[in-house]
>>> print(open('structure-v4.cif').read())   # mmCIF, C-alpha atoms
data_target
loop_
_atom_site.label_atom_id
_atom_site.label_comp_id
_atom_site.auth_asym_id
_atom_site.auth_seq_id
_atom_site.Cartn_x
_atom_site.Cartn_y
_atom_site.Cartn_z
CA MET A 92 10.98 -5.46 0.24
CA LEU A 93 8.66 -5.13 3.26
CA LEU A 94 4.98 -4.43 2.70
CA ASP A 95 2.83 -2.62 5.24
CA THR A 96 0.03 -4.88 4.09
CA ALA A 97 -2.98 -3.29 5.78
CA SER A 98 -1.91 0.16 4.59
CA LEU A 99 -1.81 -1.19 1.03
CA TYR A 100 -5.07 -3.13 1.09
CA PHE A 101 -6.88 -0.14 2.58
CA ARG A 102 -5.52 1.93 -0.31
CA ALA A 103 -6.59 -0.75 -2.75
CA TYR A 104 -10.07 -0.85 -1.20
CA TYR A 105 -10.57 2.88 -1.66
CA GLY A 106 -8.77 3.04 -5.00
CA VAL A 107 -10.53 0.19 -6.81
CA PRO A 108 -14.32 0.46 -7.35
CA ASP A 109 -16.46 -1.84 -5.21
CA SER A 110 -18.16 -2.87 -8.42
CA VAL A 111 -15.21 -5.28 -8.74
CA ARG A 112 -16.89 -8.40 -7.40
CA ALA A 113 -16.63 -12.17 -7.19
CA PRO A 114 -19.07 -14.35 -9.19
CA ASP A 115 -21.33 -14.53 -6.12
CA GLY A 116 -21.46 -10.72 -5.89
CA THR A 117 -19.01 -10.31 -2.98
CA PRO A 118 -16.78 -7.24 -3.39
CA VAL A 119 -13.14 -8.19 -3.98
CA ASN A 120 -11.74 -4.76 -4.84
CA ALA A 121 -9.19 -4.81 -1.98
CA VAL A 122 -7.99 -8.30 -2.93
CA ARG A 123 -7.67 -7.50 -6.62
CA GLY A 124 -6.08 -4.15 -5.94
CA LEU A 125 -3.51 -5.56 -3.52
CA LEU A 126 -2.50 -8.33 -5.93
CA ASP A 127 -2.03 -5.77 -8.67
CA PHE A 128 0.01 -3.60 -6.29
CA ILE A 129 2.31 -6.53 -5.52
CA ALA A 130 2.64 -7.45 -9.19
CA ARG A 131 3.64 -3.88 -10.05
CA LEU A 132 6.12 -3.68 -7.17
CA VAL A 133 7.75 -6.95 -8.18
CA GLN A 134 7.85 -5.93 -11.81
CA ASP A 135 9.36 -2.51 -11.12
CA HIS A 136 11.75 -3.30 -8.28
CA ARG A 137 12.64 -7.01 -8.53
CA PRO A 138 13.28 -7.61 -4.82
CA ASP A 139 15.12 -10.77 -3.79
CA ASP A 140 12.87 -11.14 -0.75
CA LEU A 141 9.32 -9.98 -0.14
CA VAL A 142 7.41 -10.02 3.15
CA ALA A 143 3.78 -9.04 3.66
CA CYS A 144 3.97 -7.66 7.22
CA TRP A 145 0.79 -8.11 9.23
CA ASP A 146 -1.04 -6.44 12.10
CA ASN A 147 -1.63 -9.29 14.55
CA ASP A 148 -2.59 -6.51 16.96
CA TRP A 149 -3.37 -3.12 15.40
CA ARG A 150 -3.60 -1.41 18.84
CA PRO A 151 -1.19 -3.14 21.26
CA GLN A 152 -2.10 -2.84 24.92
CA TRP A 153 1.42 -1.77 25.89
CA ARG A 154 1.03 1.33 23.71
CA VAL A 155 -2.47 2.03 25.08
CA ASP A 156 -1.16 1.73 28.65
CA LEU A 157 1.26 4.57 27.91
CA ILE A 158 -1.14 6.76 25.92
CA PRO A 159 -4.80 5.69 26.41
CA SER A 160 -5.99 7.78 23.44
CA TYR A 161 -3.79 5.75 21.06
CA LYS A 162 -6.07 4.79 18.14
CA ALA A 163 -9.03 4.90 20.55
CA HIS A 164 -11.28 6.61 18.00
CA ARG A 165 -10.86 3.64 15.64
CA VAL A 166 -12.10 0.98 18.08
CA ALA A 167 -15.31 -0.67 16.90
CA GLU A 168 -15.46 -3.31 19.64
CA GLU A 169 -13.43 -3.75 22.83
CA HIS A 170 -12.14 -7.20 23.83
CA GLU A 171 -10.69 -7.86 27.27
CA LEU A 172 -8.97 -11.11 26.30
CA GLY A 173 -7.61 -10.13 22.90
CA PRO A 174 -7.04 -7.29 20.46
CA ASP A 175 -9.82 -4.74 20.09
CA VAL A 176 -11.70 -4.86 16.80
CA GLU A 177 -10.80 -2.01 14.46
CA GLU A 178 -13.54 -0.07 12.75
CA THR A 179 -13.33 -1.05 9.09
CA PRO A 180 -15.79 -0.86 6.18
CA ASP A 181 -18.29 -3.73 6.15
CA THR A 182 -17.26 -4.81 2.67
CA LEU A 183 -13.53 -4.82 3.50
CA ASP A 184 -13.62 -7.16 6.51
CA PRO A 185 -14.60 -10.30 4.53
CA GLN A 186 -11.81 -9.66 2.03
CA VAL A 187 -8.98 -9.88 4.57
CA PRO A 188 -9.16 -13.69 5.01
CA VAL A 189 -9.19 -14.03 1.22
CA ILE A 190 -6.00 -11.96 1.03
CA GLU A 191 -4.41 -14.28 3.61
CA GLU A 192 -5.38 -17.38 1.64
CA VAL A 193 -4.18 -16.02 -1.69
CA LEU A 194 -0.81 -14.91 -0.29
CA ALA A 195 -0.35 -18.38 1.24
CA ALA A 196 -1.19 -20.14 -2.03
CA VAL A 197 1.17 -17.91 -4.00
CA GLY A 198 3.95 -18.44 -1.45
CA ILE A 199 4.49 -14.86 -0.35
CA ALA A 200 5.54 -14.75 3.29
CA ARG A 201 2.98 -13.16 5.61
CA VAL A 202 4.51 -12.34 8.97
CA GLY A 203 2.96 -10.97 12.14
CA ALA A 204 3.56 -11.24 15.87
CA ASP A 205 1.01 -11.29 18.67
CA GLY A 206 0.97 -8.05 20.63
CA TYR A 207 2.60 -6.07 17.83
CA GLU A 208 1.66 -4.03 14.79
CA ALA A 209 2.96 -4.53 11.26
CA ASP A 210 5.13 -1.44 11.84
CA ASP A 211 6.97 -3.34 14.59
CA VAL A 212 7.47 -6.36 12.33
CA ILE A 213 8.87 -4.02 9.68
CA GLY A 214 11.14 -2.36 12.25
CA THR A 215 12.47 -5.72 13.38
CA LEU A 216 13.07 -7.08 9.88
CA THR A 217 14.72 -3.81 8.86
CA ALA A 218 17.07 -4.04 11.85
CA GLN A 219 17.93 -7.65 11.03
CA ALA A 220 18.45 -7.22 7.27
CA GLU A 221 22.02 -7.32 5.99
CA GLY A 222 21.31 -5.74 2.60
CA PRO A 223 19.19 -2.87 1.25
CA VAL A 224 15.56 -2.63 2.38
CA ASP A 225 12.60 -0.99 0.65
CA ILE A 226 9.56 -0.42 2.89
CA VAL A 227 6.29 0.10 1.01
CA THR A 228 3.74 1.95 3.11
CA GLY A 229 1.25 4.78 3.08
CA ASP A 230 2.04 5.44 6.76
CA ARG A 231 4.45 8.29 7.43
CA ASP A 232 5.36 6.82 10.83
CA LEU A 233 7.76 4.49 9.06
CA PHE A 234 9.83 7.42 7.78
CA GLN A 235 11.72 6.91 11.05
CA LEU A 236 13.42 3.84 9.53
CA VAL A 237 15.03 5.77 6.66
CA ASP A 238 18.81 5.36 6.82
CA ASP A 239 20.98 6.11 3.79
CA ALA A 240 24.11 4.52 5.27
CA ARG A 241 22.30 1.19 5.68
CA GLU A 242 20.30 1.60 2.43
CA ARG A 243 16.89 1.76 4.10
CA ARG A 244 14.26 3.80 2.29
CA VAL A 245 10.49 4.14 2.26
CA LEU A 246 8.48 3.89 -0.95
CA TYR A 247 5.35 5.93 -0.27
CA PRO A 248 2.50 5.46 -2.76
CA LEU A 249 1.24 8.67 -4.31
CA LYS A 250 -0.97 7.11 -6.96
CA GLY A 251 -1.45 3.36 -6.76
CA VAL A 252 2.05 1.94 -6.54
CA GLY A 253 3.06 3.01 -10.02
CA THR A 254 3.98 6.43 -8.66
CA LEU A 255 6.04 6.13 -5.48
CA GLN A 256 7.70 8.84 -3.45
CA VAL A 257 11.20 7.53 -2.78
CA THR A 258 11.82 8.70 0.76
CA ASP A 259 15.50 8.94 1.69
CA GLU A 260 17.40 11.21 4.07
CA ALA A 261 17.69 14.02 1.52
CA TRP A 262 13.92 14.03 1.01
CA LEU A 263 13.26 13.97 4.76
CA ARG A 264 15.64 16.84 5.43
CA GLU A 265 14.15 18.92 2.63
CA LYS A 266 10.57 18.24 3.75
CA TYR A 267 10.89 18.15 7.54
CA GLY A 268 14.46 19.15 8.41
CA VAL A 269 15.13 15.83 10.17
CA ASP A 270 16.70 12.44 9.51
CA GLY A 271 14.97 9.09 10.12
CA PRO A 272 15.42 8.90 13.92
CA GLY A 273 14.58 12.61 14.15
CA TYR A 274 11.21 11.90 12.59
CA VAL A 275 10.13 10.19 15.85
CA ASP A 276 10.71 13.41 17.78
CA LEU A 277 8.95 15.48 15.12
CA ALA A 278 5.94 13.15 15.04
CA LEU A 279 5.41 13.02 18.78
CA LEU A 280 5.75 16.80 19.18
CA ARG A 281 3.38 17.48 16.27
CA GLY A 282 0.95 14.73 17.20
CA ASP A 283 -1.11 12.61 14.84
CA PRO A 284 -4.93 12.71 15.06
CA SER A 285 -5.20 9.58 12.89
CA ASP A 286 -3.36 7.62 15.60
CA GLY A 287 -4.86 9.44 18.57
CA LEU A 288 -1.53 11.00 19.51
CA PRO A 289 -2.23 14.38 21.09
CA GLY A 290 1.17 15.96 20.52
CA VAL A 291 2.21 19.04 22.47
CA PRO A 292 -0.56 21.66 22.27
CA GLY A 293 0.50 24.64 20.22
CA ILE A 294 3.52 22.85 18.71
CA GLY A 295 2.72 22.13 15.07
CA GLU A 296 4.92 20.57 12.43
CA LYS A 297 6.80 23.74 11.48
CA THR A 298 7.45 24.75 15.08
CA ALA A 299 8.56 21.22 15.94
CA ALA A 300 10.99 21.23 13.01
CA LYS A 301 12.40 24.60 14.09
CA LEU A 302 12.85 23.44 17.68
CA LEU A 303 14.63 20.28 16.53
CA ALA A 304 16.88 22.30 14.22
CA THR A 305 17.78 24.58 17.14
CA TYR A 306 18.15 22.06 19.96
CA GLY A 307 19.06 18.86 18.10
CA ASP A 308 16.58 16.37 19.50
CA LEU A 309 13.78 15.93 22.01
CA ALA A 310 16.18 15.68 24.94
CA GLY A 311 17.80 18.94 23.86
CA ILE A 312 14.42 20.66 23.61
CA MET A 313 13.40 19.52 27.10
CA ALA A 314 16.78 20.62 28.46
CA ALA A 315 16.06 24.04 26.96
CA VAL A 316 12.79 24.14 28.92
CA ASP A 317 14.85 23.99 32.12
CA ASP A 318 17.44 26.45 30.84
CA ARG A 319 16.10 29.93 31.48
CA THR A 320 18.75 31.37 29.12
CA SER A 321 17.44 29.37 26.13
CA LYS A 322 15.57 31.13 23.36
CA LEU A 323 12.27 29.31 23.80
CA THR A 324 9.33 31.69 23.82
CA PRO A 325 7.39 31.86 27.11
CA SER A 326 4.43 30.05 25.52
CA GLN A 327 6.65 27.28 24.10
CA ARG A 328 8.34 26.81 27.46
CA LYS A 329 4.99 26.64 29.25
CA ARG A 330 3.46 24.19 26.77
CA LEU A 331 6.46 21.87 26.78
CA ASP A 332 6.70 22.01 30.56
CA GLU A 333 3.02 21.08 30.91
CA ALA A 334 3.48 18.21 28.43
CA ARG A 335 6.31 16.50 30.34
CA ALA A 336 4.24 13.43 31.23
CA TYR A 337 3.28 12.93 27.57
CA VAL A 338 6.82 13.61 26.30
CA ALA A 339 8.20 11.03 28.74
CA VAL A 340 6.16 8.13 27.30
CA ALA A 341 5.46 9.19 23.70
CA PRO A 342 8.82 8.08 22.25
CA LYS A 343 8.12 4.45 23.19
CA VAL A 344 4.68 4.65 21.58
CA VAL A 345 5.82 6.34 18.36
CA ARG A 346 9.08 4.46 17.87
CA VAL A 347 8.61 1.11 16.15
CA ALA A 348 9.95 -1.95 17.92
CA SER A 349 13.11 -3.53 16.53
CA ASP A 350 13.29 -6.71 18.60
CA VAL A 351 9.98 -8.46 18.03
CA PRO A 352 10.12 -12.29 18.30
CA LEU A 353 9.06 -13.50 14.86
CA PRO A 354 8.09 -16.96 13.63
CA ALA A 355 10.27 -18.81 11.14
CA PHE A 356 9.43 -17.99 7.51
CA ASP A 357 10.83 -18.04 3.99
CA ALA A 358 11.07 -14.50 2.63
CA SER A 359 12.42 -15.43 -0.78
CA LEU A 360 10.36 -14.20 -3.70
CA PRO A 361 8.62 -17.21 -5.27
CA SER A 362 8.95 -17.77 -9.00
CA ALA A 363 5.91 -20.08 -9.10
CA PRO A 364 2.90 -20.56 -6.80
CA ARG A 365 3.46 -22.69 -3.70
CA ASP A 366 0.04 -24.34 -4.06
CA PRO A 367 -1.17 -24.07 -7.68
CA GLY A 368 -4.35 -26.04 -6.99
CA ALA A 369 -5.43 -23.85 -4.09
CA LEU A 370 -4.57 -20.71 -6.05
CA LYS A 371 -6.62 -21.87 -9.05
CA GLU A 372 -9.59 -22.62 -6.79
CA LEU A 373 -9.32 -19.22 -5.05
CA ALA A 374 -9.02 -17.39 -8.38
CA GLU A 375 -12.16 -19.08 -9.70
CA ARG A 376 -14.20 -18.69 -6.53
CA TRP A 377 -13.40 -15.00 -6.07
CA GLY A 378 -13.05 -13.93 -9.69
CA LEU A 379 -9.36 -13.08 -9.37
CA GLY A 380 -8.18 -14.61 -12.63
CA GLY A 381 -6.70 -11.52 -14.25
CA ALA A 382 -4.98 -10.28 -11.07
CA VAL A 383 -3.51 -13.71 -10.36
CA VAL A 384 -2.22 -14.04 -13.93
CA ARG A 385 -0.57 -10.61 -13.70
CA LEU A 386 1.07 -11.46 -10.38
CA LEU A 387 2.36 -14.84 -11.57
CA SER A 388 3.67 -13.23 -14.75
CA ALA A 389 5.61 -10.70 -12.68
CA LEU A 390 7.01 -13.44 -10.42
CA GLU A 391 8.15 -15.58 -13.39
CA ARG A 392 10.38 -12.90 -14.92
#
>>> encode(input="structure-v4.cif", output="structure tokens")
Amino acid sequence: MLLDTASLYFRAYYGVPDSVRAPDGTPVNAVRGLLDFIARLVQDHRPDDLVACWDNDWRPQWRVDLIPSYKAHRVAEEHELGPDVEETPDTLDPQVPVIEEVLAAVGIARVGADGYEADDVIGTLTAQAEGPVDIVTGDRDLFQLVDDARERRVLYPLKGVGTLQVTDEAWLREKYGVDGPGYVDLALLRGDPSDGLPGVPGIGEKTAAKLLATYGDLAGIMAAVDDRTSKLTPSQRKRLDEARAYVAVAPKVVRVASDVPLPAFDASLPSAPRDPGALKELAERWGLGGAVVRLLSALER
């Protein structure tokens, strides 16, 4: 089981009231919520391995070089010598280091790679895995990794993590008319304002799905632009022709990496905390007692 950790702690932050606080008054709603998410996931799915995948760089420069608007609207502070700072709520920022410390004390692997997003870590671990993989994320971009033959599916939270949309190829085809790899083409044609991806003007999700159904993939669609006998409408042909520069680079930006160099780590699900003393101290300092007890109970079963 691979967790898109930031996606989940953002959901926890907005789903758990900020009245949930540590003894000193610091909000810990994201920490508590994430721990409860993990406990529920472990309890319901019993994975053999669990990795909290991390954004060492939420906006990699190599993606920005290809599409400068990539996540540009989410930049709070630009840094020339390192990753830009993402705009996040003031009361969430201080909780992230606490999440890191608690995961370390419990013994849940937290894996990131400099210059890459958590999506790329997930893509790499999914490519390397020999058995089934469940990816837990609220980010539709990762639908591209769905592969029934290799038992790769996405568990997309609808309400907390107790209600998950199990995303497999049948679901993707019913919803979008594409398989996992086809989702990359759909996403880049449609665009994604939340990621600063412009898409092809005038080509929305339904039109993109119809074009992919007709021409097979992005390459087939662009070949149809050059084929005057194809059934593209004049406006579609014009828009796609004008978007050639974007279409040429967008696949590399949208497609998650599958060959990221990762540090050594132990992905096995712990049955007891790695550092009980540190975990006890963290639980007391941040008022996490109940959430820690629930997580440890789930791990012990």
>>> closest_residue(input="structure-v4.cif", among="A:Asp115, A:Asp127, A:Asp211, A:Glu169", to="Ala348 (chain A)", atoms="all atoms listed in the file")
A:Asp211
>>> resolve_selection(input="structure-v4.cif", expression="the PyMOL selection byres ((chain A and resi 200) around 9)", output="PyMOL selection string")
chain A and resi 141-144+194-195+198-199+201-202+356-360
>>> residues_around(input="structure-v4.cif", residues="Pro292 (chain A)", least_positions_apart="3", cutoff="10 Å", atoms="only C-alpha atoms", output="MDAnalysis selection string")
chainID A and resid 280:282 289 295 327 330:331 333:334
>>> resolve_selection(input="structure-v4.cif", expression="the PyMOL selection byres ((chain A and resi 388) around 10)", output="ChimeraX atom specification")
/A:130,133-134,362-363,382-387,389-392
>>> residues_around(input="structure-v4.cif", residues="Gly116 (chain A)", least_positions_apart="4", cutoff="12 Å", atoms="all atoms listed in the file", output="list in words")
Asp109, Ser110, Val111, Arg112, Asn120, Thr182, Arg376, Trp377 and Gly378 of chain A
>>> resolve_selection(input="structure-v4.cif", expression="the PyMOL selection byres ((chain A and resi 263-273) around 9)", output="PyMOL selection string")
chain A and resi 233-238+258-262+274-278+296-297+300-301+303-304+307-309+346
>>> residues_around(input="structure-v4.cif", residues="Ala113 (chain A)", least_positions_apart="6", cutoff="12 Å", atoms="only C-alpha atoms", output="number ranges by chain")
A: 119-123, 186, 189, 373-380
>>> closest_residue(input="structure-v4.cif", among="A:Val345, A:Ala339, A:Ala315, A:Leu353", to="Leu302 (chain A)", atoms="only C-alpha atoms")
A:Ala315
>>> residues_around(input="structure-v4.cif", residues="Leu132 (chain A)", least_positions_apart="2", cutoff="12 Å", atoms="only C-alpha atoms", output="ChimeraX atom specification")
/A:92-94,99,125-130,134-141,225-228,246-248,251-255,360,385-386,389-390
>>> axis_aligned_box(input="structure-v4.cif", around="region 113-121 of chain A", padding_each_side="8 Å", output="AutoDock Vina command-line options")
--center_x -15.3 --center_y -9.6 --center_z -5.6 --size_x 28.3 --size_y 25.8 --size_z 23.2
>>> atom_distance(input="structure-v4.cif", atom1="CA of Ala218 (chain A)", atom2="CA of Leu279 (chain A)")
21.8 Å
>>> atom_distance(input="structure-v4.cif", atom1="CA of Trp149 (chain A)", atom2="CA of Asp181 (chain A)")
17.6 Å
>>> atom_distance(input="structure-v4.cif", atom1="CA of Ala163 (chain A)", atom2="CA of Val245 (chain A)")
26.8 Å
>>> residues_around(input="structure-v4.cif", residues="Glu242 (chain A)", least_positions_apart="5", cutoff="8 Å", atoms="all atoms listed in the file", output="VMD selection string")
chain A and resid 222 to 224 237
>>> closest_residue(input="structure-v4.cif", among="A:Pro114, A:Val338, A:Thr298, A:Ala209", to="Met313 (chain A)", atoms="all atoms listed in the file")
A:Val338
